[in-house]
Amino acid sequence: MKLTGTISRMIPAILLIGLFAITCKSGPEGMPGTDSDAPAGLVIAVDLHETVPAVAPDKMYFVRLDDSGNNRSGAQILATNWNQGNRGYLFNVQPGTYIAVAADFEGGKKRAFFTEEIMNATKVTVAPGKLYNMGYYDISL
């Protein structure tokens with residue numbers, strides 16, 4: 001009889017742990033899932049220090065380079081599909097080489113185009129199944 005009482009007291013704790021595990025696995029609210037055809041992603045963090053405190057971007061933009069790794073003309077511009085604070089994420093990208101090129105602030109009222117130095121620093125070659133960190137950049141207009 002004592003064993004049954006112990007088990008019944010443990011059930012709420014077991015349910016709570018199970019609920020916590022499910023919640024953690026699902027990721028943050030609003031975060032897009034991955035597509036089996038393109039399970040890679042990019043993340044970059046940017047702050048605009050034109051004001052105090054710094055302003056986080058609303059959206060960031062990326063370009064996939066051609067096979068030579070340096071042709072940006074005519075490239076498709078890809079926008080982040082999830083933002084959290086000063087971090088912008090681009091999920092479900094195809095394998096290839098990418099750079100970050102710009103960021104929008106204040107609801108798109110301000111756009112900062114990155115310098116050649118920042119674009120080169122963000123350059124990553126993406127393989128399936130990975131999330132690539134392009135770094136943190138503190139910029140001003």
# chains A, B, ... in the order shown; residues from 1 in each chain; ligands from 1
$ residues_around --residues "segment 122-132 of chain A" --least-positions-apart "4" --cutoff "12 Å" --atoms "only C-alpha atoms" --output "ChimeraX atom specification"
/A:34-46,61-70,88-102,114-118,136-137
$ select_by_dssp --residues "segment 56-126 of chain A" --states "helix (DSSP H, G or I)" --output "compact mmCIF listing (two decimals) with N, CA and C atoms, in the first residue's frame"
# COMPACT_ATOMS: atom_id res chain seq x y z
N GLU A 106 13.82 50.25 -37.30
CA GLU A 106 12.68 51.13 -37.07
C GLU A 106 11.56 50.88 -38.08
N GLY A 107 11.17 49.63 -38.21
CA GLY A 107 10.07 49.27 -39.09
C GLY A 107 10.36 49.50 -40.56
N GLY A 108 11.61 49.44 -40.96
CA GLY A 108 11.97 49.64 -42.36
C GLY A 108 12.23 51.09 -42.72
N GLU A 116 32.00 46.46 -47.10
CA GLU A 116 32.67 45.32 -47.72
C GLU A 116 33.35 44.46 -46.64
N GLU A 117 33.92 45.12 -45.66
CA GLU A 117 34.60 44.40 -44.56
C GLU A 117 33.62 43.51 -43.79
N ILE A 118 32.45 44.04 -43.46
CA ILE A 118 31.46 43.25 -42.73
C ILE A 118 30.92 42.12 -43.61
N MET A 119 30.62 42.43 -44.87
CA MET A 119 30.13 41.38 -45.77
C MET A 119 31.12 40.23 -45.87
N ASN A 120 32.40 40.54 -46.03
CA ASN A 120 33.42 39.49 -46.11
C ASN A 120 33.53 38.72 -44.80
N ALA A 121 33.36 39.41 -43.67
CA ALA A 121 33.44 38.74 -42.36
C ALA A 121 32.27 37.78 -42.13
N THR A 122 31.12 38.06 -42.77
CA THR A 122 29.94 37.20 -42.57
C THR A 122 29.91 36.00 -43.50
$ residues_around --residues "Pro57 of chain A" --least-positions-apart "2" --cutoff "10 Å" --atoms "only C-alpha atoms" --output "list in words"
Ala45, Val46, Asp47, Leu48, Ala54, Val55, Lys59, Met60, Asn83, Gln84, Gly85, Asn86, Arg87, Gly88, Ala102, Ala103, Asp104, Phe105, Glu106, Gly107, Gly108, Lys110, Arg111 and Ala112 of chain A
